[in-house]
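For reference, the structure discussed in these notes is given below.
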Amino acid sequence: MQPTTQQPNPASIMQVGLGFWPSKVLLTAVNEGLFTHLAKKPLSLKEIKHLFHWHCMDRHASDFLDTLVALKFLKREGIGENAIYSNADDTNVFLDKEKPSYIGGILEMMNNRLFGFWSNLDEAMKTGKLQNEAANQGENLYEAIYKSPEKTREFVHAMTGIQIGNFIAFSTKFDFSKYKTLCDIGGSGAMLSIQVAKHNPHMSCNSFDLPPIEAVAKENINYFNLSDRIKTTTGDFFTDPFPKVDVIVMGHILHNWSEEKKLNLIKKAYEALPEGGAFVTIENIIDNQRSQNILGLTMSLNMLIETEEGFDYTHDDFENWAKQAGFKTVDQIPLAGPASAAIAYKY
Ligand SMILES: C[S@@+](CC[C@H](N)C(=O)[O-])C[C@H]1O[C@@H](n2cnc3c(N)ncnc32)[C@H](O)[C@@H]1O
């Protein structure tokens, strides 16, 4: 038998090229709080139009909602003007703002900030310049965002949304039996510390970040009743010393900065750790062949849009930097989806 040759197929080109259409429908629905309303009770087409002040034709309101049905994010009984919509199981758990399992913060930020900034990707590629609210201001991402309390909160919730699955996986997969103390450098809303403390009752944690973040971190720690084992510290991780602890974690930190600054932070972690201590990064670490991890590769482009100098990296890159800093062995634990923990041990 002759081997069959695969015919060229345009389907995936179109799926990716037009991918921002369904993406924008989902982001708009999250931003409007559609799934939060539907978690309370199913709603008819007319009720949804009224609730969100949609003045478009019924036909277009149905198009919007039925796109979410086709994507399996909504369920529907009836059709057209008689349709009644309710949440699918996943959206009911993860996109209802009133549940602690809400992960839509990252989608709200995608809608409100990054959807627009990414339309300048070609400009970023040509100029190598960042494209967000810090553009032309001589500030970094955090100085620009933390001027606005609303944007600060949105950013912290976005970080929780994108990382919470990874933090739960890390807290349950990493062997904490040899350790007692942990510091999460750039800990944002303290969600990593909260998950580690929740799943490892012998661990005490410190969530270290810039001062504007502390109030939200404390709110979260109190909400989970963990203030006896989690404290917050404010400071600048480039200029202030790191606390002396057994495990130092950096989630989505190294990718914000240049290679030189990455190496400085890894060296500071090495110096702060005891013999046998562990340094952990939690990121969308790119596969060594740079041909698989689409989220890791596009996250790196997001660093161009957001920070200019930052970039994501492979596990080989991590190993190289960790060994330059003095660490002896490295390891990698797969977490949720395409993310993983890269770990360097000081022995
Ligand atoms: C991309 S967020 C990651 C947050 C969290 N670790 C996670 O994995 O979701 C980076 C964090 O680093 C903090 N950060 C940025 N520059 C800092 C600095 N110089 N000193 C301390 N924290 C800083 C920011 O406030 C922010 O919370």
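Chain identifiers are assigned as A, B, and so on, following the order in which chains appear in the structure tokens; residues are numbered from 1 within each chain, and ligands are numbered from 1 in order of appearance.
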* Which residues form the shell of 6 Å around ligand 1 when you count only C-alpha atoms and all ligand atoms, given as a PyMOL selection string? -> chain A and resi 159-160+163+186-188+209-210+235-238+250-253
* To do: Extract, using only C-alpha atoms, all DNA, RNA and protein residues at most 9 Å from segment 92-96 of chain A, discarding same-chain residues fewer than 3 positions from it, and format them as a VMD selection string.
  => chain A and resid 30 33 to 39 73 86 to 89 99 to 104
Export C-alpha atoms of the chosen residues as a PDB file, in the first residue's frame?
ATOM      1  CA  VAL A  30     -16.925  37.627  32.349  1.00  0.00           C
ATOM      2  CA  GLY A  33     -20.654  39.300  35.361  1.00  0.00           C
ATOM      3  CA  LEU A  34     -22.928  37.094  33.233  1.00  0.00           C
ATOM      4  CA  PHE A  35     -21.797  33.871  34.930  1.00  0.00           C
ATOM      5  CA  THR A  36     -22.183  35.420  38.387  1.00  0.00           C
ATOM      6  CA  HIS A  37     -25.805  36.326  37.638  1.00  0.00           C
ATOM      7  CA  LEU A  38     -26.541  32.920  36.129  1.00  0.00           C
ATOM      8  CA  ALA A  39     -25.067  31.188  39.198  1.00  0.00           C
ATOM      9  CA  PHE A  73     -19.697  27.649  28.763  1.00  0.00           C
ATOM     10  CA  SER A  86     -27.797  28.687  32.729  1.00  0.00           C
ATOM     11  CA  ASN A  87     -24.126  28.091  33.584  1.00  0.00           C
ATOM     12  CA  ALA A  88     -22.257  24.961  32.516  1.00  0.00           C
ATOM     13  CA  ASP A  89     -20.515  23.145  35.393  1.00  0.00           C
ATOM     14  CA  LYS A  99     -17.233  31.900  44.927  1.00  0.00           C
ATOM     15  CA  PRO A 100     -13.679  31.619  46.318  1.00  0.00           C
ATOM     16  CA  SER A 101     -12.903  29.394  43.294  1.00  0.00           C
ATOM     17  CA  TYR A 102     -13.360  32.401  40.919  1.00  0.00           C
ATOM     18  CA  ILE A 103     -10.474  32.643  38.412  1.00  0.00           C
ATOM     19  CA  GLY A 104     -11.953  35.339  36.168  1.00  0.00           C
TER      20      GLY A 104
END
* From a DSSP calculation on the backbone, collect every residue of segment 16-120 of chain A in strand (DSSP E or B) and output the set as a ChimeraX atom specification. => /A:43-44,74-77,84-87
* Asked: Could you pull the residues within 10 Å of segment 123-127 of chain A, counting only C-alpha atoms, minus those fewer than 2 positions along the same chain, as a count of residues only?
  -> 13
* Asked: Expressed in Å to a single decimal, how great is the separation between atom CA of Ser12 of chain A and atom CA of Ala70 of chain A?
  ->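 Atom-to-atom, atom CA of Ser12 of chain A to atom CA of Ala70 of chain A, that is 17.8 Å.
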* Asked: Out of A:Gln289, A:Ser171, A:Thr181, A:Thr234, which residue has the shortest atom-to-atom distance to Ala336 of chain A when counting only C-alpha atoms?
  ->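 So, comparing all the options, the nearest one is A:Ser171.
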* alpha helix (DSSP H) call set, DSSP backbone run, segment 237-315 of chain A, as a list in words -> Glu259, Glu260, Lys261, Lys262, Leu263, Asn264, Leu265, Ile266, Lys267, Lys268, Ala269, Tyr270, Glu271, Ala272, Ile294, Leu295, Gly296, Leu297, Thr298, Met299, Ser300, Leu301, Asn302, Met303, Leu304, Ile305, Glu306, Thr307 and His315 of chain A
Generate a file of the selected residues that holds N, CA and C atoms, formatted as a compact mmCIF listing (two decimals), in the first residue's frame.
# COMPACT_ATOMS: atom_id res chain seq x y z
N GLU A 259 17.94 39.36 31.81
CA GLU A 259 18.75 38.22 32.27
C GLU A 259 19.62 38.63 33.46
N GLU A 260 20.17 39.83 33.40
CA GLU A 260 21.05 40.29 34.49
C GLU A 260 20.27 40.39 35.81
N LYS A 261 19.06 40.95 35.74
CA LYS A 261 18.26 41.09 36.97
C LYS A 261 17.75 39.73 37.44
N LYS A 262 17.41 38.85 36.50
CA LYS A 262 17.00 37.49 36.89
C LYS A 262 18.13 36.86 37.72
N LEU A 263 19.35 36.97 37.19
CA LEU A 263 20.49 36.33 37.85
C LEU A 263 20.73 36.95 39.24
N ASN A 264 20.56 38.27 39.34
CA ASN A 264 20.71 38.93 40.65
C ASN A 264 19.73 38.35 41.66
N LEU A 265 18.46 38.18 41.22
CA LEU A 265 17.44 37.67 42.14
C LEU A 265 17.75 36.22 42.54
N ILE A 266 18.22 35.42 41.59
CA ILE A 266 18.53 34.01 41.91
C ILE A 266 19.72 33.96 42.89
N LYS A 267 20.70 34.86 42.69
CA LYS A 267 21.86 34.88 43.60
C LYS A 267 21.44 35.32 45.00
N LYS A 268 20.51 36.28 45.08
CA LYS A 268 20.03 36.72 46.40
C LYS A 268 19.33 35.57 47.11
N ALA A 269 18.55 34.79 46.33
CA ALA A 269 17.85 33.64 46.94
C ALA A 269 18.88 32.64 47.45
N TYR A 270 19.92 32.38 46.65
CA TYR A 270 20.96 31.41 47.05
C TYR A 270 21.60 31.85 48.38
N GLU A 271 21.91 33.15 48.45
CA GLU A 271 22.59 33.64 49.66
C GLU A 271 21.69 33.57 50.90
N ALA A 272 20.38 33.75 50.70
CA ALA A 272 19.46 33.76 51.86
C ALA A 272 19.13 32.36 52.37
N ILE A 294 2.89 26.70 24.05
CA ILE A 294 2.40 27.92 23.39
C ILE A 294 2.15 29.02 24.43
N LEU A 295 1.60 28.65 25.60
CA LEU A 295 1.34 29.68 26.61
C LEU A 295 2.66 30.29 27.09
N GLY A 296 3.68 29.44 27.29
CA GLY A 296 4.99 29.96 27.72
C GLY A 296 5.58 30.92 26.69
N LEU A 297 5.47 30.54 25.41
CA LEU A 297 6.05 31.38 24.34
C LEU A 297 5.29 32.70 24.20
N THR A 298 3.94 32.64 24.28
CA THR A 298 3.17 33.88 24.13
C THR A 298 3.25 34.71 25.42
N MET A 299 3.42 34.04 26.57
CA MET A 299 3.62 34.79 27.82
C MET A 299 4.90 35.63 27.70
N SER A 300 5.90 35.06 27.02
CA SER A 300 7.15 35.79 26.85
C SER A 300 6.92 37.04 25.99
N LEU A 301 6.07 36.90 24.96
CA LEU A 301 5.72 38.09 24.15
C LEU A 301 4.92 39.08 25.00
N ASN A 302 4.11 38.54 25.91
CA ASN A 302 3.37 39.44 26.81
C ASN A 302 4.34 40.26 27.67
N MET A 303 5.51 39.67 27.96
CA MET A 303 6.52 40.42 28.72
C MET A 303 7.09 41.57 27.89
N LEU A 304 7.18 41.37 26.55
CA LEU A 304 7.59 42.47 25.68
C LEU A 304 6.55 43.60 25.78
N ILE A 305 5.26 43.24 25.67
CA ILE A 305 4.17 44.23 25.73
C ILE A 305 4.16 44.95 27.08
N GLU A 306 4.41 44.19 28.17
CA GLU A 306 4.23 44.73 29.53
C GLU A 306 5.50 45.32 30.14
N THR A 307 6.67 44.74 29.78
CA THR A 307 7.88 45.13 30.53
C THR A 307 9.07 45.51 29.65
N HIS A 315 13.62 25.29 30.86
CA HIS A 315 14.22 24.68 32.05
C HIS A 315 15.75 24.68 31.94
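Closest to Pro42 of chain A among A:Val249, A:Ala83, A:Ile13, A:Ala344 is A:Ala83, based on only C-alpha atoms.
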* How many Å lie between atom CA of Tyr345 of chain A and atom CA of Lys323 of chain A, rounded to one decimal? ->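 Answer for the atom CA of Tyr345 of chain A to atom CA of Lys323 of chain A separation: 9.9 Å.
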* Residue nearest Thr91 of chain A among A:Ala29, A:Lys244, A:Asn111, A:Thr233 (counting only C-alpha atoms) ->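 Nearest candidate to Thr91 of chain A out of A:Ala29, A:Lys244, A:Asn111, A:Thr233: A:Ala29.
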List the spatial neighbours of Met109 of chain A as a PDB file with C-alpha atoms, in the first residue's frame - criterion: any atom at most 7 Å away, only C-alpha atoms, same-chain residues fewer than 3 positions off excluded.
ATOM      1  CA  GLY A 105      -9.661  38.094  37.534  1.00  0.00           C
ATOM      2  CA  ILE A 106      -7.109  37.280  34.848  1.00  0.00           C
ATOM      3  CA  ASN A 112      -9.630  45.717  30.297  1.00  0.00           C
ATOM      4  CA  ARG A 113      -5.910  46.038  29.632  1.00  0.00           C
ATOM      5  CA  LEU A 114      -4.209  43.426  27.481  1.00  0.00           C
ATOM      6  CA  GLU A 154      -7.652  44.079  39.370  1.00  0.00           C
ATOM      7  CA  PHE A 155      -3.969  43.140  38.921  1.00  0.00           C
ATOM      8  CA  ALA A 158      -5.612  38.618  37.843  1.00  0.00           C
TER       9      ALA A 158
END
* What lies within 12 Å of Ala169 of chain A using only C-alpha atoms, ignoring chain neighbours under 3 positions off, as number ranges by chain? -> A: 163-166, 172-175, 192, 195-196, 199, 282, 333-337, 339-341
* Near Lys346 of chain A, within 12 Å and counting only C-alpha atoms, which residues show up once chain neighbours fewer than 2 positions away are dropped, as an MDAnalysis selection string? -> chainID A and resid 246:248 266:267 269:280 322:323 325:331 343:344
Using only C-alpha atoms, please write the residues we just selected to a file, as a PDB file, in the first residue's frame.
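Dumped everything to result07.pdb:
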ATOM      1  CA  ASP A 246      14.080  27.224  54.135  1.00  0.00           C
ATOM      2  CA  VAL A 247      12.199  27.688  50.852  1.00  0.00           C
ATOM      3  CA  ILE A 248      12.128  30.791  48.638  1.00  0.00           C
ATOM      4  CA  ILE A 266      18.534  34.011  41.910  1.00  0.00           C
ATOM      5  CA  LYS A 267      21.863  34.882  43.602  1.00  0.00           C
ATOM      6  CA  ALA A 269      17.853  33.641  46.936  1.00  0.00           C
ATOM      7  CA  TYR A 270      20.962  31.410  47.053  1.00  0.00           C
ATOM      8  CA  GLU A 271      22.588  33.636  49.661  1.00  0.00           C
ATOM      9  CA  ALA A 272      19.462  33.760  51.863  1.00  0.00           C
ATOM     10  CA  LEU A 273      18.856  29.985  51.890  1.00  0.00           C
ATOM     11  CA  PRO A 274      20.436  27.509  54.334  1.00  0.00           C
ATOM     12  CA  GLU A 275      22.346  24.428  53.097  1.00  0.00           C
ATOM     13  CA  GLY A 276      19.654  22.078  51.717  1.00  0.00           C
ATOM     14  CA  GLY A 277      17.215  24.957  51.124  1.00  0.00           C
ATOM     15  CA  ALA A 278      15.134  25.160  47.959  1.00  0.00           C
ATOM     16  CA  PHE A 279      14.558  27.965  45.479  1.00  0.00           C
ATOM     17  CA  VAL A 280      11.384  27.570  43.399  1.00  0.00           C
ATOM     18  CA  ALA A 322      20.779  28.424  39.028  1.00  0.00           C
ATOM     19  CA  LYS A 323      24.189  26.735  38.647  1.00  0.00           C
ATOM     20  CA  ALA A 325      24.338  31.300  41.292  1.00  0.00           C
ATOM     21  CA  GLY A 326      25.850  28.274  43.111  1.00  0.00           C
ATOM     22  CA  PHE A 327      22.905  25.831  43.342  1.00  0.00           C
ATOM     23  CA  LYS A 328      23.951  22.193  42.987  1.00  0.00           C
ATOM     24  CA  THR A 329      20.883  20.327  41.672  1.00  0.00           C
ATOM     25  CA  VAL A 330      17.710  21.256  39.818  1.00  0.00           C
ATOM     26  CA  ASP A 331      14.337  19.600  39.318  1.00  0.00           C
ATOM     27  CA  ILE A 343      13.407  23.979  41.658  1.00  0.00           C
ATOM     28  CA  ALA A 344      17.051  24.536  42.584  1.00  0.00           C
TER      29      ALA A 344
END
* Separation of atom CA of Asn225 of chain A and atom CA of Leu107 of chain A, in Å? -> 27.3 Å
